[in-house]
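Participant: Okay, here's the structure, questions in a sec.
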Amino acid sequence: MFSVAAIAKRELAGYFSTPVAYVFIVIFLALSGAFTFYIGGFFERGQASLESFFNFHPWLYMFLIPAVSMRLWSEERKSGTIEMLMTLPISTVAAVIGKFVAAWAFIAVALALTFPLWITVNVLGDPDNGVIAASYAGSLLMAGAFLAIGSCFSALTRNQAIAFIVAAAVCFLFTMSGLDLVLNVFRGWAPHILVDTIASLSFLSHFDRVTKGLIDVRDLVFFVSMIALWLFATVVAVDVERGA
Amino acid sequence: MSAMIALDNVQKRFGSLTAVDDLTLSIARGEVLGFLGPNGAGKTTTMRMIAGFLEPTGGSIQVCGFNVATDPIEIKRRIGYLPEGAPIYGDMTCRGFLGFVAEVRGYRGAEKKRRIAEVVDTVSLNAVLNQTIDTLSKGFKRRVGLAQAILHDPDVLILDEPTDGLDPNQKHHVRELIGTMASDKAIIISTHILEEVEAVCTRAVVINQGRLVADGSAEELLARLPHHNAVAVTVPVAEAAAARAALLKLGHMGGVEDSDTKGVLTTLRVMPHNGYAPVAEVAHHLKSSDITIESLYVERGRLDDVFRVLTDDAAAGYAPRV
C-alpha cells in the first residue's frame with residue numbers, strides 16, 4: 001500500500017500549499033471557540049467539561065467538512081489530472097482511500113489545534129479526561145463520516161460548488177435525522193421500523209452518546225460503516241466515469 | 001513476444017456516439033507508430049483505452065501479454081502515458097511531482113533519486129526543478145509530462161500529441177528523444193504534424209470517424225497519391241509544345257499533364273507508370289530533342305495530401321494538387 005501513502009502525502013501537501021488549509025483551520029478554531037464560550041456557555045455552566053465544545057461539532061462539520069472534501073475529486077476531473085492519476089499503477093480503491101486519509105489527517109490536525117481548550121478546562125477544574133479523549137476520538141470518527149459523504153459527491157461532479165452544496169445538504173440530513181423536525185415528516189405514514197431506521201442514522205444521537213462518556217461499540221461501528229459505505233460509493237462514482 | 005500492443009475489434013461508444021469502431025491493430029517492439037486522424041477521429045479515445053483510463057465497450061486490448069480488462073495495474077506498470085495537453089498538478093513543483101510519480105511507481109530512496117535525476121537530465125528540466133508547475137511555459141510543462149512518462153523506463157510508450165505547442169528546437173529535441181528510445185520499446189504517438197511522421201515513425205496509421213483507413217509506412221501512404229513519383233520538368237513556354245511531343249513518345253509513363261505556367265516558364269508533369277518515376281528517360285528524351293531544361297525533379301507528394309484524401313470526405317473525389 002505504498003501507493004496509498006504516496007497519494008495521501010501528495011494530497012496533504014496540496015492542502016498546505018494553498019491558503020485552503022490555513023483559512024479552514026483559522027475559521028474552524030474561531031467558530032468552535034465562539035460556540036463554546038458564547039452559545040455553549042462554557043463558563044456559565046460551572047462544569048469542568050468540554051461538552052459545550054463538542055456539542056457544536058456536528059453543526060460545524062456540516063459546513064466546514066464539505067468545504068474540505070469538495071476539491072478531492074472535482075478538481076482532478078476539472079483540470080484533467082485524473083487521467084494522469086488513474087493511468088498510474090494504482091487501483092481506484094487505493095486512490096480513494098489515499099485522498100480520504102489525507103483529508104482526514106488534515107482535519108485531525110485542525111482538531112488537535114483545539115488543545116488550548118483542553119488545557120484551560122484542566123487548569124480551571126478537574127474534568128474527566130477519559131470522556132474528553134473519547135469525545136475527541138468520536139469527533140474525529142464523525143468527521144471521517146462527513147468527509148466520506150463529501151468525497152462521494154466530489155467524485156460525482158467536476159464543479160466544486162455543486163460538490164459543496166450537495167454534500168452539505170446530505171450532511172445536514174444525516175445530522176438532523178434523529179430530530180423531530182425530520183422524523184415528523186415520516187411519522188404520519190411510514191412504518192415504525194422505517195422511522196426507527198432513519199432515527200438511527202442520526203450522527204447527532206450517535207455522537208451525543210460518545211460525548212456523554214457512553215462508549216458503545218455500536219456507535220463506533222456506525223461511524224466506521226458510514227465511512228466504508230460512502231467510500232465504496234466514491235469508488236463506484238470514479239469508475240463510472242471510465243465507462244466501467 | 002511479437003505484438004506488444006494488440007487491439008482486437010475494439011469499440012468505444014459514448015451514449016449514441018461511436019468514438020472508436022471495430023479497430024484492430026498491433027504494434028511490435030521497435031516500432032514507432034504515428035497515429036493520425038482529424039480532430040474527433042478517436043485517436044485520444046483509443047490511447048486512453050490502451051492506457052487503461054477508459055474501458056472499451058467491445059473488443060479486447062492486450063498490452064505486454066496482459067488484458068486491459070483483467071490486469072489493468074500490471075499494464076499500467078509497463079506503460080508510460082502522456083495524456084493530451086499534459087495535465088499535471090499545477091500547485092506542485094517539478095521535483096515534488098516527479099517524486100510523487102516515482103513513489104506511486106514504487107521507487108524509494110536512492111533508486112528514486114537516481115530515476116528522477118536521469119529523466120530530469122534526459123528532458124533538460126534542471127533549470128525549473130524547484131518551480132511550481134503552474135508557472136512553467138507550455139514547453140516545460142510538456143517536458144514534465146514526458147519525464148513522468150519515461151521515469152520507469154516502460155516497455156510501451158503512449159504519447160498524445162507530444163510536440164504540440166513546442167517551438168521548433170523543442171520539437172526536434174523530443175523527436176530525437178523518441179528516436180533514441182525506439183529500439184527497445186513499442187511507441188505510439190498521435191500527431192497532427194505530418195512531417196513528424198516522416199521524421200520519427202516507422203509506421204503510420206490513419207483513422208477517421210473511429211475506423212482505420214490506412215496503415216503503412218510514410219512511403220506506402222505517399223504511394224497512394226496519383227502524383228507520387230511524377231516527374232516535373234520545367235521548360236520555356238516557347239518550347240512547351242515540342243517538349244510535350246517529345247515526352248509523349250516515352251514508353252513507361254502514365255501521361256503528360258500541364259501543371260503550371262509562370263511567366264516564361266511552364267511546368268509539365270509526366271505521370272508515373274506503376275509507381276515508377278521515368279526520370280532518366282525524360283531527361284534523355286528532352287536533351288536529344290534539344291529542349292532547354294530549367295529544372296527537373298521527382299515529386300514525392302506530401303503526407304498532408306494523403307491525409308486529406310483519406311479523411312476528408314468532401315476531398316475524396318478531388319485529385320490533390322501536389
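Residues in the C-alpha cells are named by chain (A, B, ... in the order shown) and by number from 1 within that chain; ligands are numbered from 1 in the order shown.
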May I ask you to extract the residues of chain A within 6 Å of chain B, using only C-alpha atoms, and to give them as a list in words?
Facilitator: Ser3, Ala6, Gly80, Thr81, Thr87, Leu88, Pro89, Arg242, Gly243 and Ala244 of chain A
Participant: I'd like to know which residues of region 120-232 of chain B are helix (DSSP H, G or I) (by DSSP, run on the backbone); could you write them as a PyMOL selection string?
Facilitator: chain B and resi 120-122+126-128+133-135+138-150+168-184+194-200+218-222
Participant: How about saving the chosen residues, C-alpha atoms kept, as a PDB file, in the first residue's frame?
Facilitator:
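Okay, this is what ended up in result-v1.pdb:
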ATOM      1  CA  VAL B 120      15.463  15.389 -15.463  1.00  0.00           C
ATOM      2  CA  ASP B 121      18.690  15.171 -17.384  1.00  0.00           C
ATOM      3  CA  THR B 122      17.081  13.465 -20.380  1.00  0.00           C
ATOM      4  CA  ASN B 126      17.249  21.150 -14.309  1.00  0.00           C
ATOM      5  CA  ALA B 127      16.581  24.867 -14.645  1.00  0.00           C
ATOM      6  CA  VAL B 128      12.986  24.641 -13.414  1.00  0.00           C
ATOM      7  CA  ILE B 133       4.275  23.689 -12.478  1.00  0.00           C
ATOM      8  CA  ASP B 134       1.653  26.452 -12.898  1.00  0.00           C
ATOM      9  CA  THR B 135       4.447  28.955 -13.518  1.00  0.00           C
ATOM     10  CA  LYS B 138       3.910  25.200 -22.206  1.00  0.00           C
ATOM     11  CA  GLY B 139       7.136  23.640 -23.445  1.00  0.00           C
ATOM     12  CA  PHE B 140       8.413  22.927 -19.971  1.00  0.00           C
ATOM     13  CA  LYS B 141       5.046  21.549 -18.860  1.00  0.00           C
ATOM     14  CA  ARG B 142       5.085  19.163 -21.788  1.00  0.00           C
ATOM     15  CA  ARG B 143       8.591  18.086 -20.828  1.00  0.00           C
ATOM     16  CA  VAL B 144       7.499  17.408 -17.254  1.00  0.00           C
ATOM     17  CA  GLY B 145       4.714  15.254 -18.704  1.00  0.00           C
ATOM     18  CA  LEU B 146       7.237  13.428 -20.822  1.00  0.00           C
ATOM     19  CA  ALA B 147       9.588  12.944 -17.852  1.00  0.00           C
ATOM     20  CA  GLN B 148       6.735  11.406 -15.885  1.00  0.00           C
ATOM     21  CA  ALA B 149       6.003   9.017 -18.762  1.00  0.00           C
ATOM     22  CA  ILE B 150       9.565   7.690 -19.140  1.00  0.00           C
ATOM     23  CA  PRO B 168      10.925  24.004 -33.449  1.00  0.00           C
ATOM     24  CA  ASN B 169      14.016  23.360 -31.299  1.00  0.00           C
ATOM     25  CA  GLN B 170      12.000  21.640 -28.629  1.00  0.00           C
ATOM     26  CA  LYS B 171      10.151  19.611 -31.242  1.00  0.00           C
ATOM     27  CA  HIS B 172      13.437  18.478 -32.681  1.00  0.00           C
ATOM     28  CA  HIS B 173      14.642  17.541 -29.223  1.00  0.00           C
ATOM     29  CA  VAL B 174      11.546  15.481 -28.409  1.00  0.00           C
ATOM     30  CA  ARG B 175      11.774  13.679 -31.761  1.00  0.00           C
ATOM     31  CA  GLU B 176      15.399  12.866 -31.099  1.00  0.00           C
ATOM     32  CA  LEU B 177      14.447  11.550 -27.703  1.00  0.00           C
ATOM     33  CA  ILE B 178      11.757   9.317 -29.193  1.00  0.00           C
ATOM     34  CA  GLY B 179      14.269   8.110 -31.761  1.00  0.00           C
ATOM     35  CA  THR B 180      16.795   7.080 -29.105  1.00  0.00           C
ATOM     36  CA  MET B 181      14.179   5.184 -27.119  1.00  0.00           C
ATOM     37  CA  ALA B 182      12.588   3.495 -30.111  1.00  0.00           C
ATOM     38  CA  SER B 183      14.740   0.381 -30.447  1.00  0.00           C
ATOM     39  CA  ASP B 184      13.582  -1.469 -27.319  1.00  0.00           C
ATOM     40  CA  LEU B 194       2.708  15.067 -40.694  1.00  0.00           C
ATOM     41  CA  GLU B 195       6.377  15.854 -41.102  1.00  0.00           C
ATOM     42  CA  GLU B 196       6.750  14.329 -37.663  1.00  0.00           C
ATOM     43  CA  VAL B 197       5.534  11.017 -39.003  1.00  0.00           C
ATOM     44  CA  GLU B 198       8.250  11.022 -41.640  1.00  0.00           C
ATOM     45  CA  ALA B 199      10.802  12.142 -39.077  1.00  0.00           C
ATOM     46  CA  VAL B 200      10.235   9.608 -36.288  1.00  0.00           C
ATOM     47  CA  ALA B 218       5.055   7.003 -44.742  1.00  0.00           C
ATOM     48  CA  GLU B 219       6.359   5.923 -48.146  1.00  0.00           C
ATOM     49  CA  GLU B 220       3.480   3.497 -48.614  1.00  0.00           C
ATOM     50  CA  LEU B 221       0.979   6.184 -47.721  1.00  0.00           C
ATOM     51  CA  LEU B 222       2.574   8.607 -50.167  1.00  0.00           C
TER      52      LEU B 222
END
Participant: Using CA of Leu268 (chain B) and CA of Leu303 (chain B) as the two end points, give the distance in Å to one decimal.
Facilitator: 22.1 Å
Participant: Might you pull out every residue within 10 Å of Ser190 (chain B), with only C-alpha atoms counted and same-chain residues fewer than 2 positions away left off, and present them as a list in words?
Facilitator: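 Selected residues are Leu33, Gly34, Phe35, Leu36, Gly37, Lys43, Thr44, Met47, Glu84, Ile158, Leu159, Asp160, Glu161, Pro162, Thr163, Asp164, Ile188, His192, Ile193, Glu196, Val197, Ala204, Val205 and Val206 of chain B.
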Participant: Rounded to one decimal, what separation in Å do you get between CA of Lys78 (chain A) and CA of Ile97 (chain A)?
Facilitator: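 About the pair CA of Lys78 (chain A) and CA of Ile97 (chain A): they are 20.2 Å apart.
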Participant: Residues near Ile149 (chain A), anyone? I mean within 12 Å using only C-alpha atoms, not counting same-chain ones fewer than 2 positions away, as a ChimeraX atom specification.
Facilitator: /A:61-62,65-70,72,100,142-147,151-156,163-174,223,225-234
Participant: Okay, now the selection with N, CA and C atoms, as a tab-separated table (two decimals), in the first residue's frame?
Facilitator:
chain	number	residue	atom	x	y	z
A	61	TYR	N	-19.03	20.79	11.45
A	61	TYR	CA	-18.58	19.85	10.41
A	61	TYR	C	-19.50	19.87	9.19
A	62	MET	N	-20.78	20.04	9.47
A	62	MET	CA	-21.77	20.01	8.41
A	62	MET	C	-21.42	20.96	7.26
A	65	ILE	N	-16.69	20.62	6.63
A	65	ILE	CA	-16.09	19.44	6.01
A	65	ILE	C	-16.39	19.34	4.51
A	66	PRO	N	-17.61	19.64	4.07
A	66	PRO	CA	-17.81	19.67	2.61
A	66	PRO	C	-16.86	20.66	1.92
A	67	ALA	N	-16.45	21.71	2.64
A	67	ALA	CA	-15.51	22.67	2.04
A	67	ALA	C	-14.13	22.04	1.87
A	68	VAL	N	-13.80	21.09	2.74
A	68	VAL	CA	-12.52	20.40	2.61
A	68	VAL	C	-12.60	19.33	1.54
A	69	SER	N	-13.74	18.64	1.50
A	69	SER	CA	-13.85	17.47	0.62
A	69	SER	C	-14.19	17.85	-0.82
A	70	MET	N	-14.70	19.07	-1.04
A	70	MET	CA	-15.23	19.38	-2.38
A	70	MET	C	-14.17	19.29	-3.47
A	72	LEU	N	-11.55	17.24	-3.53
A	72	LEU	CA	-10.87	15.94	-3.61
A	72	LEU	C	-10.85	15.35	-5.02
A	100	PHE	N	-8.84	10.23	0.88
A	100	PHE	CA	-9.65	10.33	2.09
A	100	PHE	C	-8.74	10.46	3.32
A	142	MET	N	-16.63	10.97	13.51
A	142	MET	CA	-17.77	11.62	12.86
A	142	MET	C	-17.30	12.49	11.69
A	143	ALA	N	-16.18	13.18	11.89
A	143	ALA	CA	-15.61	13.99	10.81
A	143	ALA	C	-15.31	13.09	9.61
A	144	GLY	N	-14.79	11.89	9.88
A	144	GLY	CA	-14.50	10.94	8.81
A	144	GLY	C	-15.75	10.58	8.03
A	145	ALA	N	-16.86	10.39	8.74
A	145	ALA	CA	-18.11	10.03	8.07
A	145	ALA	C	-18.60	11.18	7.19
A	146	PHE	N	-18.54	12.41	7.72
A	146	PHE	CA	-18.91	13.57	6.90
A	146	PHE	C	-18.02	13.67	5.67
A	147	LEU	N	-16.74	13.41	5.89
A	147	LEU	CA	-15.76	13.51	4.83
A	147	LEU	C	-16.02	12.49	3.72
A	151	SER	N	-16.60	13.24	-0.10
A	151	SER	CA	-15.74	12.62	-1.12
A	151	SER	C	-16.58	12.05	-2.25
A	152	CYS	N	-17.69	11.40	-1.87
A	152	CYS	CA	-18.57	10.79	-2.87
A	152	CYS	C	-19.17	11.84	-3.80
A	153	PHE	N	-19.66	12.95	-3.22
A	153	PHE	CA	-20.28	13.96	-4.08
A	153	PHE	C	-19.25	14.72	-4.89
A	154	SER	N	-18.03	14.79	-4.38
A	154	SER	CA	-16.96	15.42	-5.14
A	154	SER	C	-16.62	14.58	-6.37
A	155	ALA	N	-16.75	13.26	-6.23
A	155	ALA	CA	-16.43	12.37	-7.35
A	155	ALA	C	-17.52	12.40	-8.41
A	156	LEU	N	-18.71	12.91	-8.04
A	156	LEU	CA	-19.83	12.89	-8.98
A	156	LEU	C	-19.89	14.10	-9.89
A	163	ALA	N	-20.45	20.23	-5.64
A	163	ALA	CA	-19.99	19.21	-4.69
A	163	ALA	C	-20.20	19.70	-3.26
A	164	PHE	N	-19.90	20.96	-3.04
A	164	PHE	CA	-20.03	21.52	-1.69
A	164	PHE	C	-21.50	21.55	-1.23
A	165	ILE	N	-22.35	22.10	-2.08
A	165	ILE	CA	-23.73	22.31	-1.68
A	165	ILE	C	-24.46	20.99	-1.45
A	166	VAL	N	-24.28	20.05	-2.39
A	166	VAL	CA	-24.98	18.78	-2.24
A	166	VAL	C	-24.46	18.04	-1.01
A	167	ALA	N	-23.14	18.05	-0.83
A	167	ALA	CA	-22.57	17.35	0.33
A	167	ALA	C	-23.07	17.99	1.63
A	168	ALA	N	-23.12	19.30	1.66
A	168	ALA	CA	-23.58	19.98	2.88
A	168	ALA	C	-25.04	19.62	3.17
A	169	ALA	N	-25.86	19.55	2.11
A	169	ALA	CA	-27.26	19.21	2.30
A	169	ALA	C	-27.41	17.79	2.84
A	170	VAL	N	-26.65	16.85	2.27
A	170	VAL	CA	-26.74	15.46	2.72
A	170	VAL	C	-26.21	15.34	4.15
A	171	CYS	N	-25.12	16.05	4.44
A	171	CYS	CA	-24.59	16.05	5.81
A	171	CYS	C	-25.64	16.59	6.79
A	172	PHE	N	-26.35	17.61	6.36
A	172	PHE	CA	-27.41	18.20	7.18
A	172	PHE	C	-28.48	17.15	7.50
A	173	LEU	N	-28.89	16.42	6.46
A	173	LEU	CA	-29.92	15.40	6.67
A	173	LEU	C	-29.45	14.33	7.64
A	174	PHE	N	-28.21	13.90	7.49
A	174	PHE	CA	-27.71	12.85	8.37
A	174	PHE	C	-27.54	13.36	9.80
A	223	PHE	N	-20.20	4.77	12.75
A	223	PHE	CA	-19.39	5.74	12.01
A	223	PHE	C	-18.43	5.05	11.04
A	225	SER	N	-18.86	2.17	9.59
A	225	SER	CA	-19.55	1.64	8.41
A	225	SER	C	-20.04	2.75	7.50
A	226	MET	N	-20.37	3.91	8.09
A	226	MET	CA	-20.70	5.07	7.26
A	226	MET	C	-19.53	5.42	6.35
A	227	ILE	N	-18.34	5.46	6.94
A	227	ILE	CA	-17.14	5.78	6.17
A	227	ILE	C	-16.95	4.77	5.04
A	228	ALA	N	-17.04	3.48	5.40
A	228	ALA	CA	-16.81	2.42	4.41
A	228	ALA	C	-17.83	2.52	3.28
A	229	LEU	N	-19.09	2.72	3.66
A	229	LEU	CA	-20.16	2.76	2.66
A	229	LEU	C	-19.97	3.92	1.67
A	230	TRP	N	-19.70	5.10	2.20
A	230	TRP	CA	-19.58	6.26	1.32
A	230	TRP	C	-18.30	6.22	0.50
A	231	LEU	N	-17.25	5.63	1.05
A	231	LEU	CA	-16.02	5.49	0.24
A	231	LEU	C	-16.24	4.49	-0.88
A	232	PHE	N	-17.02	3.45	-0.59
A	232	PHE	CA	-17.34	2.50	-1.65
A	232	PHE	C	-18.12	3.20	-2.76
A	233	ALA	N	-19.06	4.05	-2.35
A	233	ALA	CA	-19.83	4.83	-3.33
A	233	ALA	C	-18.89	5.74	-4.14
A	234	THR	N	-17.87	6.26	-3.48
A	234	THR	CA	-16.90	7.11	-4.19
A	234	THR	C	-16.17	6.30	-5.27
Participant: If DSSP is run on the backbone, what residues of region 7-253 of chain B are strand (DSSP E)? A reply as a ChimeraX atom specification would be ideal.
Facilitator: /B:7-14,17-28,32-36,58-63,66-67,79-82,156-160,186-190,203-208,211-216,230-236
